[in-house]
>>> print(open('target06.cif').read())   # mmCIF, C-alpha atoms and all ligand atoms
data_run
#
loop_
_atom_site.label_atom_id
_atom_site.label_comp_id
_atom_site.auth_asym_id
_atom_site.auth_seq_id
_atom_site.Cartn_x
_atom_site.Cartn_y
_atom_site.Cartn_z
CA MET A 1 -29.33 43.54 -18.44
CA ALA A 2 -28.97 47.21 -17.84
CA VAL A 3 -27.21 49.03 -20.60
CA TYR A 4 -29.99 50.77 -22.46
CA THR A 5 -27.92 53.61 -23.88
CA ASP A 6 -24.73 53.02 -25.81
CA VAL A 7 -21.88 55.41 -25.27
CA SER A 8 -19.07 55.85 -27.81
CA GLU A 9 -15.47 56.13 -26.68
CA ASP A 10 -15.30 59.70 -27.97
CA GLN A 11 -18.44 60.69 -26.05
CA LEU A 12 -17.05 59.13 -22.89
CA LYS A 13 -13.62 60.74 -23.19
CA SER A 14 -15.18 64.13 -23.75
CA PHE A 15 -17.49 63.58 -20.73
CA LEU A 16 -14.47 62.70 -18.56
CA THR A 17 -12.73 65.99 -19.37
CA GLU A 18 -15.30 67.52 -16.99
CA TYR A 19 -13.79 65.50 -14.09
CA ASP A 20 -10.49 65.21 -12.30
CA VAL A 21 -10.35 61.40 -12.49
CA GLY A 22 -7.31 60.78 -14.69
CA THR A 23 -7.29 59.06 -18.07
CA LEU A 24 -9.71 56.37 -19.15
CA LEU A 25 -8.23 52.87 -19.28
CA SER A 26 -11.38 50.78 -19.79
CA CYS A 27 -15.18 50.87 -19.70
CA LYS A 28 -17.45 47.86 -19.20
CA GLY A 29 -21.25 47.77 -19.29
CA ILE A 30 -22.78 46.25 -16.11
CA ALA A 31 -25.47 43.68 -16.80
CA GLU A 32 -27.19 43.78 -13.37
CA GLY A 33 -29.91 46.25 -12.42
CA VAL A 34 -33.01 47.18 -14.35
CA GLU A 35 -33.57 50.90 -13.93
CA ASN A 36 -30.53 52.68 -15.36
CA SER A 37 -27.53 52.10 -17.64
CA ASN A 38 -24.44 51.40 -15.54
CA PHE A 39 -20.78 51.17 -16.55
CA LEU A 40 -17.66 50.24 -14.63
CA LEU A 41 -14.86 52.65 -15.54
CA LYS A 42 -11.20 52.13 -14.87
CA THR A 43 -9.03 55.22 -15.06
CA THR A 44 -5.47 55.99 -14.03
CA THR A 45 -6.85 57.02 -10.60
CA GLY A 46 -9.01 53.94 -9.90
CA PHE A 47 -12.48 52.47 -10.49
CA TYR A 48 -15.73 54.44 -10.82
CA ILE A 49 -19.37 53.69 -11.58
CA LEU A 50 -20.92 55.73 -14.35
CA THR A 51 -24.72 55.84 -14.41
CA LEU A 52 -26.90 57.15 -17.21
CA TYR A 53 -30.36 57.80 -15.82
CA GLU A 54 -33.07 56.27 -17.95
CA LYS A 55 -36.66 57.40 -18.20
CA ARG A 56 -38.00 55.74 -15.05
CA VAL A 57 -35.91 58.01 -12.86
CA ALA A 58 -37.34 61.56 -12.90
CA ALA A 59 -34.63 64.14 -13.61
CA ALA A 60 -36.17 66.40 -10.96
CA ASP A 61 -35.36 63.75 -8.32
CA LEU A 62 -31.67 63.44 -9.19
CA PRO A 63 -30.47 66.26 -6.88
CA PHE A 64 -32.20 64.42 -4.02
CA PHE A 65 -30.57 61.05 -4.82
CA LEU A 66 -27.08 62.41 -5.45
CA GLY A 67 -27.28 64.89 -2.56
CA LEU A 68 -28.40 62.07 -0.27
CA MET A 69 -25.49 59.78 -1.20
CA ASP A 70 -23.14 62.69 -0.62
CA HIS A 71 -24.75 63.51 2.73
CA LEU A 72 -24.76 59.89 3.94
CA SER A 73 -21.12 59.36 2.92
CA GLN A 74 -20.09 62.56 4.69
CA ASN A 75 -21.89 61.23 7.78
CA GLY A 76 -19.96 58.00 7.84
CA LEU A 77 -22.24 55.59 5.96
CA SER A 78 -20.51 53.36 3.44
CA CYS A 79 -22.30 54.14 0.17
CA PRO A 80 -21.32 55.48 -3.26
CA LEU A 81 -19.95 59.01 -3.12
CA PRO A 82 -20.87 61.19 -6.12
CA ILE A 83 -17.72 62.46 -7.84
CA PRO A 84 -17.89 66.22 -8.35
CA ARG A 85 -17.29 67.65 -11.81
CA LEU A 86 -14.77 70.44 -12.24
CA ASP A 87 -17.66 72.92 -12.07
CA GLY A 88 -18.63 71.52 -8.66
CA GLU A 89 -21.86 69.85 -9.87
CA SER A 90 -22.56 66.12 -9.46
CA LEU A 91 -24.80 65.80 -12.46
CA GLY A 92 -23.76 66.00 -16.11
CA GLU A 93 -25.10 64.79 -19.44
CA LEU A 94 -23.89 61.96 -21.64
CA ALA A 95 -25.43 60.51 -24.82
CA GLY A 96 -28.54 62.63 -24.26
CA ARG A 97 -29.13 61.33 -20.73
CA PRO A 98 -28.49 62.86 -17.31
CA ALA A 99 -25.34 61.14 -16.05
CA ALA A 100 -23.23 60.97 -12.90
CA MET A 101 -20.16 59.18 -11.62
CA VAL A 102 -19.94 57.69 -8.16
CA SER A 103 -17.17 55.96 -6.24
CA PHE A 104 -16.79 52.20 -6.65
CA LEU A 105 -17.67 50.08 -3.60
CA ASP A 106 -15.79 46.86 -2.95
CA GLY A 107 -17.75 43.74 -2.14
CA ALA A 108 -20.53 41.67 -3.66
CA TRP A 109 -24.13 40.97 -2.82
CA LEU A 110 -25.13 37.72 -1.21
CA ARG A 111 -27.29 35.17 -3.02
CA LYS A 112 -28.03 33.31 0.22
CA PRO A 113 -27.94 35.70 3.18
CA GLN A 114 -27.89 34.17 6.66
CA ALA A 115 -29.02 35.54 10.03
CA ILE A 116 -25.65 37.22 10.69
CA HIS A 117 -26.06 39.18 7.46
CA CYS A 118 -29.62 40.15 8.42
CA ARG A 119 -28.28 41.59 11.66
CA GLU A 120 -25.71 43.62 9.69
CA VAL A 121 -28.31 44.96 7.27
CA GLY A 122 -30.60 45.93 10.16
CA ARG A 123 -27.78 47.82 11.80
CA ALA A 124 -26.71 49.56 8.57
CA MET A 125 -30.30 50.56 7.80
CA ALA A 126 -30.66 52.16 11.23
CA GLU A 127 -27.32 53.93 10.71
CA MET A 128 -28.66 55.25 7.43
CA HIS A 129 -31.84 56.47 9.16
CA VAL A 130 -29.77 58.28 11.79
CA ALA A 131 -27.29 59.72 9.25
CA GLY A 132 -30.16 60.93 7.02
CA ALA A 133 -31.96 62.76 9.85
CA ASP A 134 -30.56 66.19 9.00
CA PHE A 135 -30.63 65.85 5.20
CA GLN A 136 -32.35 68.99 3.95
CA ILE A 137 -33.98 67.96 0.65
CA ARG A 138 -37.34 66.13 0.77
CA ARG A 139 -38.74 63.61 -1.64
CA GLU A 140 -42.23 62.21 -1.11
CA ASN A 141 -42.59 58.46 -1.51
CA ALA A 142 -44.14 57.96 -4.96
CA LEU A 143 -44.97 54.35 -4.07
CA THR A 144 -46.82 54.59 -0.78
CA VAL A 145 -50.40 53.83 0.19
CA GLY A 146 -51.98 56.67 -1.81
CA ASN A 147 -50.21 55.56 -4.99
CA TRP A 148 -51.15 51.90 -4.87
CA ARG A 149 -54.71 52.23 -6.17
CA PRO A 150 -53.76 53.98 -9.45
CA LEU A 151 -51.01 51.40 -9.92
CA TRP A 152 -53.47 48.59 -9.23
CA ASP A 153 -56.06 50.09 -11.58
CA GLY A 154 -53.54 49.69 -14.43
CA SER A 155 -53.27 45.91 -13.85
CA ARG A 156 -56.57 45.02 -12.20
CA THR A 157 -58.55 43.88 -15.23
CA ARG A 158 -55.78 41.46 -16.24
CA ALA A 159 -54.86 40.21 -12.76
CA ASP A 160 -56.84 36.97 -12.99
CA GLU A 161 -54.72 36.03 -16.04
CA VAL A 162 -51.79 35.75 -13.62
CA GLN A 163 -53.72 33.82 -10.98
CA PRO A 164 -57.49 33.20 -10.82
CA GLY A 165 -59.07 35.11 -7.93
CA LEU A 166 -56.26 37.64 -7.71
CA ARG A 167 -58.45 40.61 -8.56
CA ALA A 168 -60.84 40.08 -5.65
CA GLU A 169 -58.03 39.25 -3.22
CA ILE A 170 -56.04 42.41 -3.99
CA ASP A 171 -59.17 44.59 -4.07
CA GLN A 172 -59.80 43.50 -0.51
CA ALA A 173 -56.17 43.75 0.68
CA LEU A 174 -55.80 47.24 -0.77
CA SER A 175 -59.04 48.58 0.74
CA ASP A 176 -58.00 47.14 4.08
CA LEU A 177 -54.57 48.85 3.92
CA GLU A 178 -56.08 52.17 2.85
CA LEU A 179 -58.32 52.00 5.91
CA HIS A 180 -55.69 50.89 8.43
CA TRP A 181 -52.47 52.54 7.24
CA PRO A 182 -50.79 54.05 10.33
CA GLN A 183 -50.39 57.75 10.93
CA GLY A 184 -47.90 59.79 12.90
CA LEU A 185 -45.05 57.26 13.08
CA PRO A 186 -41.49 58.69 13.13
CA GLU A 187 -40.46 59.74 9.64
CA GLY A 188 -37.16 60.32 7.90
CA VAL A 189 -35.18 59.37 4.83
CA ILE A 190 -35.62 55.69 3.98
CA HIS A 191 -33.85 53.57 1.35
CA ALA A 192 -37.12 51.91 0.30
CA ASP A 193 -35.44 49.18 -1.81
CA LEU A 194 -32.85 47.63 0.51
CA PHE A 195 -32.94 44.17 -1.06
CA PRO A 196 -29.97 41.78 -0.91
CA ASP A 197 -28.77 42.95 -4.36
CA ASN A 198 -28.31 46.46 -2.97
CA VAL A 199 -26.13 45.48 0.00
CA PHE A 200 -22.50 44.54 -0.48
CA PHE A 201 -20.49 42.27 1.80
CA ILE A 202 -16.84 41.34 2.04
CA GLU A 203 -16.74 37.93 3.70
CA ASP A 204 -19.40 38.35 6.43
CA SER A 205 -18.92 42.10 6.95
CA LEU A 206 -21.23 44.58 5.32
CA SER A 207 -19.15 46.82 3.06
CA GLY A 208 -21.79 49.22 1.78
CA LEU A 209 -25.28 50.07 0.52
CA ILE A 210 -26.04 51.03 -3.08
CA ASP A 211 -28.94 52.04 -5.32
CA PHE A 212 -30.64 54.94 -3.56
CA TYR A 213 -32.99 55.60 -6.47
CA PHE A 214 -36.16 54.78 -4.53
CA ALA A 215 -35.04 56.67 -1.42
CA CYS A 216 -37.63 59.09 -0.05
CA ASN A 217 -39.19 60.49 3.12
CA ASP A 218 -41.54 58.07 4.81
CA PHE A 219 -42.04 56.13 8.04
CA LEU A 220 -38.67 54.75 9.18
CA ALA A 221 -40.34 51.52 10.29
CA TYR A 222 -41.66 51.02 6.74
CA ASP A 223 -38.03 50.45 5.68
CA VAL A 224 -37.78 47.75 8.37
CA ALA A 225 -40.91 46.12 6.93
CA ILE A 226 -39.46 46.21 3.38
CA CYS A 227 -36.32 44.47 4.69
CA LEU A 228 -38.25 41.84 6.65
CA ASN A 229 -39.88 40.89 3.35
CA ALA A 230 -36.71 41.03 1.29
CA TRP A 231 -34.30 39.28 3.70
CA CYS A 232 -36.20 37.00 6.06
CA PHE A 233 -38.21 34.63 3.86
CA GLU A 234 -36.78 31.36 2.58
CA PRO A 235 -37.05 30.28 -1.08
CA ASP A 236 -39.87 27.88 -0.07
CA GLY A 237 -41.91 30.87 1.17
CA ALA A 238 -41.44 30.24 4.92
CA PHE A 239 -40.67 33.18 7.19
CA ASN A 240 -37.39 32.63 9.05
CA LEU A 241 -37.88 33.88 12.61
CA THR A 242 -34.15 33.71 13.41
CA LYS A 243 -33.44 36.06 10.52
CA GLY A 244 -36.31 38.36 11.53
CA MET A 245 -34.98 38.53 15.07
CA ALA A 246 -31.44 39.22 13.84
CA LEU A 247 -32.61 41.99 11.51
CA ILE A 248 -34.72 43.69 14.17
CA ASP A 249 -32.03 43.31 16.87
CA GLY A 250 -29.41 44.75 14.48
CA TYR A 251 -31.70 47.70 13.78
CA GLN A 252 -32.47 48.30 17.44
CA SER A 253 -28.81 48.18 18.41
CA VAL A 254 -28.61 51.62 16.71
CA ARG A 255 -32.16 52.97 16.75
CA PRO A 256 -34.75 51.36 19.06
CA LEU A 257 -38.26 51.18 17.62
CA SER A 258 -40.97 53.02 19.53
CA ALA A 259 -43.90 50.99 20.86
CA ALA A 260 -46.12 52.46 18.10
CA GLU A 261 -43.61 51.44 15.41
CA ALA A 262 -43.30 47.96 16.89
CA GLU A 263 -47.07 47.55 16.92
CA ALA A 264 -47.40 48.80 13.35
CA LEU A 265 -45.00 46.24 11.85
CA PRO A 266 -47.70 43.80 10.66
CA VAL A 267 -49.65 46.47 8.74
CA LEU A 268 -46.43 48.03 7.41
CA SER A 269 -45.24 44.60 6.28
CA ARG A 270 -48.52 43.97 4.46
CA GLY A 271 -48.13 47.36 2.77
CA ALA A 272 -44.52 46.67 1.83
CA ALA A 273 -45.55 43.30 0.36
CA LEU A 274 -48.36 44.90 -1.63
CA ARG A 275 -46.07 47.67 -2.95
CA PHE A 276 -43.58 45.21 -4.45
CA PHE A 277 -46.38 42.92 -5.62
CA LEU A 278 -47.95 45.83 -7.54
CA THR A 279 -44.78 47.06 -9.27
CA ARG A 280 -43.80 43.50 -10.15
CA LEU A 281 -47.31 42.77 -11.47
CA HIS A 282 -47.22 45.93 -13.57
CA ASP A 283 -43.83 44.94 -15.03
CA TRP A 284 -45.01 41.34 -15.50
CA LEU A 285 -47.97 42.47 -17.58
CA THR A 286 -46.24 45.22 -19.56
CA THR A 287 -42.68 43.99 -20.25
CA PRO A 288 -42.67 42.58 -23.78
CA GLU A 289 -41.71 38.91 -24.26
CA GLY A 290 -38.08 38.73 -25.37
CA ALA A 291 -37.03 41.90 -23.52
CA LEU A 292 -33.59 41.54 -21.96
CA VAL A 293 -34.81 42.46 -18.46
CA VAL A 294 -35.50 39.53 -16.13
CA LYS A 295 -39.06 39.90 -14.84
CA LYS A 296 -39.49 39.42 -11.08
CA ASP A 297 -42.27 37.15 -9.85
CA PRO A 298 -45.21 39.11 -8.38
CA LEU A 299 -46.65 35.98 -6.75
CA GLU A 300 -43.66 35.75 -4.40
CA TYR A 301 -45.00 38.96 -2.87
CA LEU A 302 -48.60 37.74 -2.86
CA ARG A 303 -47.42 34.85 -0.66
CA LYS A 304 -45.67 37.31 1.67
CA LEU A 305 -48.80 39.44 1.84
CA ARG A 306 -50.84 36.37 2.82
CA PHE A 307 -48.29 35.49 5.49
CA HIS A 308 -48.55 38.95 7.07
CA ARG A 309 -52.34 38.83 7.04
CA GLN A 310 -52.31 36.04 9.60
CA ILE A 311 -49.77 37.69 11.92
CA GLY A 312 -51.25 38.57 15.31
CA SER A 313 -48.32 40.45 16.84
CA SER A 314 -44.84 41.71 15.91
CA VAL A 315 -43.36 39.14 18.28
CA GLU A 316 -43.97 36.72 15.39
CA TYR A 317 -41.39 38.68 13.33
CA GLY A 318 -38.76 38.35 16.02
CA LEU A 319 -39.45 41.50 18.00
CA ARG A 320 -38.79 40.83 21.66
CA ARG A 321 -41.81 41.09 23.93
CA LYS A 322 -40.12 43.68 26.16
CA ASP A 323 -39.87 45.99 23.11
CA MET A 324 -43.63 45.93 22.57
CA VAL A 325 -44.37 48.25 25.50
CA SER A 326 -43.27 51.88 25.74
N1 LIG A 401 -20.93 52.15 -6.35
C1 LIG A 401 -20.88 50.91 -6.84
N2 LIG A 401 -19.79 50.16 -6.62
C2 LIG A 401 -19.69 48.92 -7.16
N3 LIG A 401 -20.63 48.37 -7.96
C3 LIG A 401 -21.73 49.07 -8.21
C4 LIG A 401 -21.93 50.38 -7.67
N4 LIG A 401 -23.11 50.84 -8.11
C5 LIG A 401 -23.63 49.89 -8.89
N5 LIG A 401 -22.81 48.83 -8.96
C6 LIG A 401 -23.04 47.61 -9.74
O1 LIG A 401 -24.03 47.87 -10.70
C7 LIG A 401 -25.15 46.98 -10.53
C8 LIG A 401 -26.43 47.73 -10.83
O2 LIG A 401 -26.56 48.85 -9.98
P1 LIG A 401 -27.95 49.34 -9.43
O3 LIG A 401 -28.55 48.28 -8.57
O4 LIG A 401 -27.78 50.69 -8.84
O5 LIG A 401 -28.74 49.43 -10.81
P2 LIG A 401 -30.14 50.01 -11.16
O6 LIG A 401 -30.44 49.65 -12.54
O7 LIG A 401 -30.20 51.47 -10.80
O8 LIG A 401 -30.99 49.31 -10.08
P3 LIG A 401 -32.13 48.28 -9.78
O9 LIG A 401 -32.53 47.67 -11.00
O10 LIG A 401 -31.51 47.31 -8.77
O11 LIG A 401 -33.14 49.17 -9.14
C9 LIG A 401 -25.04 46.49 -9.10
O12 LIG A 401 -25.60 45.23 -8.90
C10 LIG A 401 -23.52 46.46 -8.92
O13 LIG A 401 -23.01 45.26 -9.45
N1 LIG A 402 -36.21 45.35 -5.57
C1 LIG A 402 -37.29 45.43 -6.54
C2 LIG A 402 -36.81 45.76 -7.91
C3 LIG A 402 -36.50 47.23 -8.14
O1 LIG A 402 -35.32 47.64 -7.60
C4 LIG A 402 -38.04 44.08 -6.56
O2 LIG A 402 -37.47 43.08 -6.14
O3 LIG A 402 -39.17 44.05 -7.02
#
>>> encode(input="target06.cif", output="structure tokens")
Amino acid sequence: MAVYTDVSEDQLKSFLTEYDVGTLLSCKGIAEGVENSNFLLKTTTGFYILTLYEKRVAAADLPFFLGLMDHLSQNGLSCPLPIPRLDGESLGELAGRPAAMVSFLDGAWLRKPQAIHCREVGRAMAEMHVAGADFQIRRENALTVGNWRPLWDGSRTRADEVQPGLRAEIDQALSDLELHWPQGLPEGVIHADLFPDNVFFIEDSLSGLIDFYFACNDFLAYDVAICLNAWCFEPDGAFNLTKGMALIDGYQSVRPLSAAEAEALPVLSRGAALRFFLTRLHDWLTTPEGALVVKKDPLEYLRKLRFHRQIGSSVEYGLRRKDMVS
């Protein structure tokens, strides 16, 4: 459930006078999502998404997120386009929160993506990487290798409550990643949370990407690793090589991976698994019972981390052998 802040009709109507979007016809809270409060607005000119940014999104980062969506849309990527206010700004304030409106994207996310969808998401991610190359604002990744230890320290003493032995296992996995994290790979703007619920499809065609609120500058291939984890495992925990191959082929049809990126996929995939394990574990341990937010299972990502630990080469993710040499 993600409507944390209530908005009265009067507040909303007064907010909309700052925009050239016609007259309000209806406003519905959107239950999905966990970070922000989202509303679907219908006005005499069409549908819009209104987002009130809650505390987990730093106000200082909003110009990056909104500027990025604007930049990517202008460069041909299908993603929400921030609607400018009459004063030319994208960001306003509503009910005491920073707030913005973006265009509505048609489509729906897939509960059971297949290999053809993985290919599409790989391609769209590479298009995003290319379109973001000349975006001028920078945002460091607040959830990369250097940030994992403080995050882990907040959960570490209680980890064995979730699964006996977890503390020692993650201690070891984290130290190993800190030691072996790659350096010097090609960097750029990454989405960093391109899970199935952030990719819309109409029939089998990808219609757009949403939710850029973890986007940042980091290794481009790290985004590929995040997607391998999010798209290519089956509910029983098995890695689906056909999906991995489709995702990587889709990506490389737009932006071929360098040999160094290809070689780094196993360590990047371990890191991506640990990153989502750690945020999920934190939420698991700190979200009060009875809260309306659905907690995501950290152990799903522990299983993915274990899978990547026994990977010998990126060929096991579906990378073709010819792409492993420069
Ligand atoms: N531009 C859009 N067009 C259509 N629907 C949208 C759009 N943006 C958001 N939505 C709807 O709102 C829901 C929540 O959006 P979003 O995922 O951005 O929420 P969030 O709370 O910021 O994110 P999350 O919890 O996934 O990090 C989406 O699942 C989708 O149904
Ligand atoms: N995609 C994240 C949630 C935050 O967007 C996860 O599955 O843990």
>>> atom_distance(input="target06.cif", atom1="atom O4 of ligand LIG 401 (chain A)", atom2="atom CA of Leu194 of chain A")
11.1 Å
>>> closest_residue(input="target06.cif", among="A:Ile30, A:Leu72, A:Ala238, A:Ala192", to="Leu52 of chain A", atoms="all atoms listed in the file")
A:Ile30
>>> residues_near_ligand(input="target06.cif", ligand="ligand LIG 401 (chain A)", cutoff="7 Å", atoms="only C-alpha atoms and all ligand atoms", output="ChimeraX atom specification")
/A:2,30,32-38,49,79-80,102-106,197-198,210-211,213
>>> atom_distance(input="target06.cif", atom1="atom CA of Leu302 of chain A", atom2="atom CA of Phe233 of chain A")
12.8 Å
>>> residues_near_ligand(input="target06.cif", ligand="ligand LIG 402 (chain A)", cutoff="10 Å", atoms="all atoms listed in the file", output="ChimeraX atom specification")
/A:33-35,192-198,211-214,226,230,273,275-281,283,295-298,300-301
>>> closest_residue(input="target06.cif", among="A:Asn240, A:Thr23, A:Thr17, A:Thr287", to="Gly318 of chain A", atoms="all atoms listed in the file")
A:Asn240
>>> closest_residue(input="target06.cif", among="A:Leu299, A:Ile202, A:Val21, A:Leu62", to="Arg85 of chain A", atoms="only C-alpha atoms")
A:Val21
